[in-house]
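Printed here is data23.csv (CSV, N, CA and C atoms):
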```csv
chain,number,residue,atom,x,y,z
A,1,MET,N,6.9,20.7,-8.9
A,1,MET,CA,8.2,20.1,-8.9
A,1,MET,C,9.0,20.5,-10.2
A,2,ILE,N,10.2,20.9,-10.1
A,2,ILE,CA,11.0,21.3,-11.2
A,2,ILE,C,12.1,20.2,-11.4
A,3,LEU,N,12.2,19.7,-12.6
A,3,LEU,CA,13.2,18.7,-13.0
A,3,LEU,C,14.2,19.3,-13.9
A,4,TYR,N,15.4,19.4,-13.4
A,4,TYR,CA,16.5,19.9,-14.3
A,4,TYR,C,17.2,18.7,-14.9
A,5,THR,N,17.2,18.6,-16.2
A,5,THR,CA,17.9,17.5,-16.9
A,5,THR,C,18.3,17.9,-18.3
A,6,PRO,N,19.4,17.3,-18.7
A,6,PRO,CA,19.9,17.6,-20.1
A,6,PRO,C,19.2,16.8,-21.1
A,7,MET,N,18.3,15.9,-20.7
A,7,MET,CA,17.6,15.0,-21.6
A,7,MET,C,16.4,15.7,-22.2
A,8,GLN,N,16.0,15.2,-23.3
A,8,GLN,CA,14.8,15.7,-24.0
A,8,GLN,C,13.6,15.4,-23.2
A,9,LEU,N,12.6,16.2,-23.2
A,9,LEU,CA,11.4,16.0,-22.4
A,9,LEU,C,10.7,14.7,-22.8
A,10,GLU,N,10.7,14.3,-24.1
A,10,GLU,CA,10.1,13.1,-24.6
A,10,GLU,C,10.7,11.9,-24.0
A,11,LEU,N,12.0,11.9,-23.8
A,11,LEU,CA,12.7,10.8,-23.1
A,11,LEU,C,12.4,10.7,-21.6
A,12,VAL,N,12.2,11.8,-21.0
A,12,VAL,CA,11.9,11.8,-19.6
A,12,VAL,C,10.6,11.2,-19.3
A,13,VAL,N,9.6,11.6,-20.1
A,13,VAL,CA,8.2,11.2,-19.8
A,13,VAL,C,7.8,9.9,-20.6
A,14,GLU,N,8.7,9.3,-21.3
A,14,GLU,CA,8.4,8.1,-22.0
A,14,GLU,C,8.0,7.0,-21.1
A,15,GLY,N,6.8,6.4,-21.5
A,15,GLY,CA,6.3,5.3,-20.7
A,15,GLY,C,5.5,5.7,-19.5
A,16,LEU,N,5.3,7.0,-19.3
A,16,LEU,CA,4.5,7.5,-18.2
A,16,LEU,C,3.0,7.0,-18.3
A,17,GLU,N,2.5,7.0,-19.5
A,17,GLU,CA,1.1,6.6,-19.7
A,17,GLU,C,0.8,5.1,-19.3
A,18,GLU,N,1.8,4.3,-19.5
A,18,GLU,CA,1.6,2.9,-19.2
A,18,GLU,C,1.7,2.5,-17.7
A,19,MET,N,2.2,3.5,-16.9
A,19,MET,CA,2.4,3.2,-15.5
A,19,MET,C,1.0,3.2,-14.8
A,20,LYS,N,0.9,2.2,-13.9
A,20,LYS,CA,-0.4,2.0,-13.2
A,20,LYS,C,-0.1,2.0,-11.7
A,21,GLU,N,-1.0,2.5,-10.9
A,21,GLU,CA,-0.8,2.4,-9.5
A,21,GLU,C,-1.4,1.0,-9.1
A,22,PRO,N,-0.8,0.3,-8.1
A,22,PRO,CA,-1.3,-1.0,-7.7
A,22,PRO,C,-2.7,-0.8,-7.1
A,23,ALA,N,-3.5,-1.8,-7.3
A,23,ALA,CA,-4.9,-1.8,-6.8
A,23,ALA,C,-4.8,-1.9,-5.2
A,24,ALA,N,-5.4,-1.0,-4.6
A,24,ALA,CA,-5.4,-1.0,-3.1
A,24,ALA,C,-6.8,-0.9,-2.7
A,25,ARG,N,-7.1,-1.5,-1.5
A,25,ARG,CA,-8.5,-1.4,-1.0
A,25,ARG,C,-8.5,-1.2,0.5
A,26,LEU,N,-9.6,-0.7,1.0
A,26,LEU,CA,-9.8,-0.4,2.4
A,26,LEU,C,-10.4,-1.7,3.1
A,27,VAL,N,-9.7,-2.2,4.1
A,27,VAL,CA,-10.2,-3.3,4.8
A,27,VAL,C,-10.1,-3.0,6.3
A,28,GLU,N,-10.8,-3.7,7.1
A,28,GLU,CA,-10.7,-3.6,8.6
A,28,GLU,C,-10.3,-4.9,9.2
A,29,ILE,N,-9.2,-5.0,9.8
A,29,ILE,CA,-8.7,-6.2,10.5
A,29,ILE,C,-8.6,-5.9,12.0
A,30,GLY,N,-9.3,-6.7,12.7
A,30,GLY,CA,-9.2,-6.6,14.1
A,30,GLY,C,-9.7,-5.2,14.6
A,31,GLY,N,-10.6,-4.6,13.9
A,31,GLY,CA,-11.1,-3.2,14.3
A,31,GLY,C,-10.2,-2.1,13.8
A,32,VAL,N,-9.1,-2.4,13.1
A,32,VAL,CA,-8.2,-1.4,12.6
A,32,VAL,C,-8.4,-1.2,11.1
A,33,PRO,N,-8.7,0.0,10.7
A,33,PRO,CA,-8.9,0.2,9.3
A,33,PRO,C,-7.5,0.3,8.6
A,34,LEU,N,-7.3,-0.4,7.5
A,34,LEU,CA,-6.1,-0.4,6.8
A,34,LEU,C,-6.3,-0.3,5.3
A,35,ILE,N,-5.3,0.2,4.6
A,35,ILE,CA,-5.3,0.1,3.1
A,35,ILE,C,-4.4,-1.0,2.8
A,36,ILE,N,-4.9,-2.0,2.0
A,36,ILE,CA,-4.2,-3.2,1.7
A,36,ILE,C,-4.0,-3.3,0.2
A,37,GLU,N,-2.8,-3.7,-0.3
A,37,GLU,CA,-2.5,-3.9,-1.7
A,37,GLU,C,-2.4,-5.4,-1.8
A,38,ASP,N,-3.3,-6.0,-2.7
A,38,ASP,CA,-3.3,-7.4,-2.9
A,38,ASP,C,-2.0,-7.9,-3.5
A,39,THR,N,-1.4,-9.0,-2.9
A,39,THR,CA,-0.2,-9.5,-3.5
A,39,THR,C,-0.3,-10.9,-4.0
A,40,GLY,N,-1.4,-11.6,-3.6
A,40,GLY,CA,-1.7,-12.9,-4.0
A,40,GLY,C,-3.0,-13.4,-3.4
A,41,PRO,N,-3.4,-14.6,-3.7
A,41,PRO,CA,-4.6,-15.2,-3.2
A,41,PRO,C,-4.6,-15.3,-1.7
A,42,GLY,N,-5.4,-14.6,-1.0
A,42,GLY,CA,-5.5,-14.7,0.4
A,42,GLY,C,-4.5,-13.9,1.2
A,43,GLU,N,-3.7,-13.0,0.5
A,43,GLU,CA,-2.7,-12.2,1.2
A,43,GLU,C,-2.6,-10.9,0.6
A,44,GLY,N,-2.1,-9.9,1.4
A,44,GLY,CA,-2.0,-8.6,0.9
A,44,GLY,C,-0.9,-7.9,1.8
A,45,ARG,N,-0.4,-6.7,1.2
A,45,ARG,CA,0.6,-6.0,1.9
A,45,ARG,C,0.0,-4.7,2.4
A,46,VAL,N,0.3,-4.4,3.7
A,46,VAL,CA,-0.2,-3.2,4.3
A,46,VAL,C,0.4,-2.0,3.7
A,47,VAL,N,-0.4,-1.1,3.2
A,47,VAL,CA,0.1,0.2,2.6
A,47,VAL,C,0.0,1.3,3.6
A,48,ARG,N,-1.1,1.4,4.4
A,48,ARG,CA,-1.3,2.5,5.3
A,48,ARG,C,-2.2,2.1,6.4
A,49,LEU,N,-2.0,2.5,7.6
A,49,LEU,CA,-2.9,2.4,8.7
A,49,LEU,C,-3.7,3.6,8.8
A,50,LEU,N,-5.0,3.5,9.0
A,50,LEU,CA,-5.9,4.7,9.1
A,50,LEU,C,-6.5,4.8,10.4
A,51,SER,N,-5.9,4.3,11.4
A,51,SER,CA,-6.4,4.3,12.8
A,51,SER,C,-6.1,5.6,13.5
A,52,THR,N,-7.0,6.0,14.4
A,52,THR,CA,-6.7,7.2,15.3
A,52,THR,C,-6.1,6.8,16.6
A,53,ASP,N,-6.1,5.4,16.9
A,53,ASP,CA,-5.5,4.9,18.1
A,53,ASP,C,-4.0,4.7,18.0
A,54,PRO,N,-3.2,5.4,18.8
A,54,PRO,CA,-1.8,5.2,18.7
A,54,PRO,C,-1.3,3.8,19.0
A,55,GLN,N,-2.0,3.1,19.8
A,55,GLN,CA,-1.6,1.7,20.1
A,55,GLN,C,-1.7,0.8,18.9
A,56,ASP,N,-2.5,1.1,17.9
A,56,ASP,CA,-2.6,0.3,16.7
A,56,ASP,C,-1.3,0.4,15.9
A,57,TYR,N,-0.6,1.5,16.0
A,57,TYR,CA,0.7,1.7,15.3
A,57,TYR,C,1.8,0.9,15.9
A,58,LEU,N,1.6,0.5,17.1
A,58,LEU,CA,2.6,-0.3,17.8
A,58,LEU,C,2.4,-1.8,17.7
A,59,ARG,N,1.4,-2.2,17.0
A,59,ARG,CA,1.1,-3.7,16.8
A,59,ARG,C,2.2,-4.2,15.8
A,60,PRO,N,2.9,-5.3,16.2
A,60,PRO,CA,3.9,-5.8,15.3
A,60,PRO,C,3.4,-6.5,14.0
A,61,ASP,N,2.1,-6.8,13.9
A,61,ASP,CA,1.6,-7.5,12.8
A,61,ASP,C,1.0,-6.5,11.7
A,62,LEU,N,0.8,-5.2,12.1
A,62,LEU,CA,0.1,-4.3,11.2
A,62,LEU,C,1.0,-3.1,10.8
A,63,TYR,N,2.3,-3.3,10.6
A,63,TYR,CA,3.1,-2.2,10.2
A,63,TYR,C,3.1,-2.0,8.7
A,64,PRO,N,3.3,-0.8,8.1
A,64,PRO,CA,3.3,-0.7,6.7
A,64,PRO,C,4.4,-1.5,6.1
A,65,GLY,N,4.0,-2.3,5.0
A,65,GLY,CA,4.9,-3.2,4.4
A,65,GLY,C,4.8,-4.6,4.8
A,66,ALA,N,4.0,-4.9,5.9
A,66,ALA,CA,3.9,-6.2,6.4
A,66,ALA,C,2.9,-7.0,5.5
A,67,VAL,N,3.2,-8.2,5.2
A,67,VAL,CA,2.4,-9.1,4.4
A,67,VAL,C,1.4,-9.8,5.4
A,68,ILE,N,0.1,-9.7,5.1
A,68,ILE,CA,-0.9,-10.2,5.9
A,68,ILE,C,-1.6,-11.3,5.2
A,69,LYS,N,-1.8,-12.4,5.8
A,69,LYS,CA,-2.6,-13.5,5.3
A,69,LYS,C,-4.0,-13.4,5.9
A,70,PHE,N,-5.0,-13.2,5.0
A,70,PHE,CA,-6.3,-12.9,5.5
A,70,PHE,C,-6.9,-14.1,6.3
A,71,GLN,N,-6.5,-15.3,6.1
A,71,GLN,CA,-7.1,-16.4,6.8
A,71,GLN,C,-6.9,-16.3,8.3
A,72,GLN,N,-5.7,-15.7,8.7
A,72,GLN,CA,-5.5,-15.7,10.1
A,72,GLN,C,-6.4,-14.7,10.8
A,73,TYR,N,-7.0,-13.8,10.1
A,73,TYR,CA,-7.9,-12.8,10.7
A,73,TYR,C,-9.4,-13.1,10.5
A,74,VAL,N,-9.7,-14.0,9.6
A,74,VAL,CA,-11.1,-14.3,9.3
A,74,VAL,C,-11.5,-15.4,10.3
A,75,LYS,N,-12.6,-15.2,11.0
A,75,LYS,CA,-13.1,-16.2,12.0
A,75,LYS,C,-14.5,-16.6,11.6
```
Show this structure as structure tokens.
Amino acid sequence: MILYTPMQLELVVEGLEEMKEPAARLVEIGGVPLIIEDTGPGEGRVVRLLSTDPQDYLRPDLYPGAVIKFQQYVK
């Protein structure tokens, strides 16, 4: 990637070392493998579906960005 800017390089990359990626983990909910980012106790946000079944992508509760409460899936 090439970045064209009139700013000094030090100003462009300032604070880059402190940036962290959110902690994500692999979980399986209802037989569907997902990558979940924890947002609070007992809930998480869907980052990515890892299923090979096209029907899993049509589920209204497992779209990327959906907030999932783990209690509703734990039996």
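Summary of the local environment: counting all atoms listed in the file, residues at most 6.5 Å from region 30-35 of chain A, other than itself and those fewer than 2 positions away along its chain, are Ala24, Arg25, Leu26, Val27, Glu28, Glu37, Arg45, Val46, Val47, Arg48, Leu49, Leu50 and Ser51 of chain A.
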Practice task
Among the residues of chain A, find those DSSP assigns to strand (DSSP E) from the backbone and print them as number ranges by chain.
Solution key: A: 24-29, 32-40, 43-49, 67-69
Write a file of the just-selected residues containing N, CA and C atoms, as a short mmCIF file (atom, residue, chain, number, x, y, z; two decimals), in the frame of the given file.
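Written output follows (again-v1.cif):
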```
data_model
loop_
_atom_site.label_atom_id
_atom_site.label_comp_id
_atom_site.auth_asym_id
_atom_site.auth_seq_id
_atom_site.Cartn_x
_atom_site.Cartn_y
_atom_site.Cartn_z
N ALA A 24 -5.40 -1.00 -4.60
CA ALA A 24 -5.40 -1.00 -3.10
C ALA A 24 -6.80 -0.90 -2.70
N ARG A 25 -7.10 -1.50 -1.50
CA ARG A 25 -8.50 -1.40 -1.00
C ARG A 25 -8.50 -1.20 0.50
N LEU A 26 -9.60 -0.70 1.00
CA LEU A 26 -9.80 -0.40 2.40
C LEU A 26 -10.40 -1.70 3.10
N VAL A 27 -9.70 -2.20 4.10
CA VAL A 27 -10.20 -3.30 4.80
C VAL A 27 -10.10 -3.00 6.30
N GLU A 28 -10.80 -3.70 7.10
CA GLU A 28 -10.70 -3.60 8.60
C GLU A 28 -10.30 -4.90 9.20
N ILE A 29 -9.20 -5.00 9.80
CA ILE A 29 -8.70 -6.20 10.50
C ILE A 29 -8.60 -5.90 12.00
N VAL A 32 -9.10 -2.40 13.10
CA VAL A 32 -8.20 -1.40 12.60
C VAL A 32 -8.40 -1.20 11.10
N PRO A 33 -8.70 0.00 10.70
CA PRO A 33 -8.90 0.20 9.30
C PRO A 33 -7.50 0.30 8.60
N LEU A 34 -7.30 -0.40 7.50
CA LEU A 34 -6.10 -0.40 6.80
C LEU A 34 -6.30 -0.30 5.30
N ILE A 35 -5.30 0.20 4.60
CA ILE A 35 -5.30 0.10 3.10
C ILE A 35 -4.40 -1.00 2.80
N ILE A 36 -4.90 -2.00 2.00
CA ILE A 36 -4.20 -3.20 1.70
C ILE A 36 -4.00 -3.30 0.20
N GLU A 37 -2.80 -3.70 -0.30
CA GLU A 37 -2.50 -3.90 -1.70
C GLU A 37 -2.40 -5.40 -1.80
N ASP A 38 -3.30 -6.00 -2.70
CA ASP A 38 -3.30 -7.40 -2.90
C ASP A 38 -2.00 -7.90 -3.50
N THR A 39 -1.40 -9.00 -2.90
CA THR A 39 -0.20 -9.50 -3.50
C THR A 39 -0.30 -10.90 -4.00
N GLY A 40 -1.40 -11.60 -3.60
CA GLY A 40 -1.70 -12.90 -4.00
C GLY A 40 -3.00 -13.40 -3.40
N GLU A 43 -3.70 -13.00 0.50
CA GLU A 43 -2.70 -12.20 1.20
C GLU A 43 -2.60 -10.90 0.60
N GLY A 44 -2.10 -9.90 1.40
CA GLY A 44 -2.00 -8.60 0.90
C GLY A 44 -0.90 -7.90 1.80
N ARG A 45 -0.40 -6.70 1.20
CA ARG A 45 0.60 -6.00 1.90
C ARG A 45 0.00 -4.70 2.40
N VAL A 46 0.30 -4.40 3.70
CA VAL A 46 -0.20 -3.20 4.30
C VAL A 46 0.40 -2.00 3.70
N VAL A 47 -0.40 -1.10 3.20
CA VAL A 47 0.10 0.20 2.60
C VAL A 47 0.00 1.30 3.60
N ARG A 48 -1.10 1.40 4.40
CA ARG A 48 -1.30 2.50 5.30
C ARG A 48 -2.20 2.10 6.40
N LEU A 49 -2.00 2.50 7.60
CA LEU A 49 -2.90 2.40 8.70
C LEU A 49 -3.70 3.60 8.80
N VAL A 67 3.20 -8.20 5.20
CA VAL A 67 2.40 -9.10 4.40
C VAL A 67 1.40 -9.80 5.40
N ILE A 68 0.10 -9.70 5.10
CA ILE A 68 -0.90 -10.20 5.90
C ILE A 68 -1.60 -11.30 5.20
N LYS A 69 -1.80 -12.40 5.80
CA LYS A 69 -2.60 -13.50 5.30
C LYS A 69 -4.00 -13.40 5.90
#
```
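Closest approach to Asp38 (chain A) from the set A:Leu62, A:Leu9, A:Ala23, A:Ile2 is made by A:Ala23, with distances taken over all atoms listed in the file.
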Problem - Distance of atom C of Glu21 (chain A) from atom C of Asp61 (chain A), expressed in Å to one decimal place - result: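 Here the two named atoms are 22.2 Å from each other.
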Handout entry: Separation of atom N of Gly42 (chain A) from atom N of Glu18 (chain A), in Å and rounded to one decimal
Key =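 If I compute the distance from atom N of Gly42 (chain A) to atom N of Glu18 (chain A), I get 27.4 Å.
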Practice task
Record the distance separating atom N of Tyr4 (chain A) and CA of Pro22 (chain A), expressed in Å with one decimal.
Solution key: 27.0 Å
Practice task
Once DSSP has gone over the backbone, tell me which residues of chain A are in alpha helix (DSSP H), as a list in words.
Solution key: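 Taking chain A and keeping alpha helix (DSSP H) gives Leu9, Glu10, Leu11 and Val12 of chain A.
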Handout entry: Selected residue of minimal separation from Ile68 (chain A) among A:Asp56, A:Ile36, A:Glu43, A:Ile29, counting all atoms listed in the file
Key =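 Between A:Asp56, A:Ile36, A:Glu43, A:Ile29, the residue approaching Ile68 (chain A) most closely is A:Glu43.
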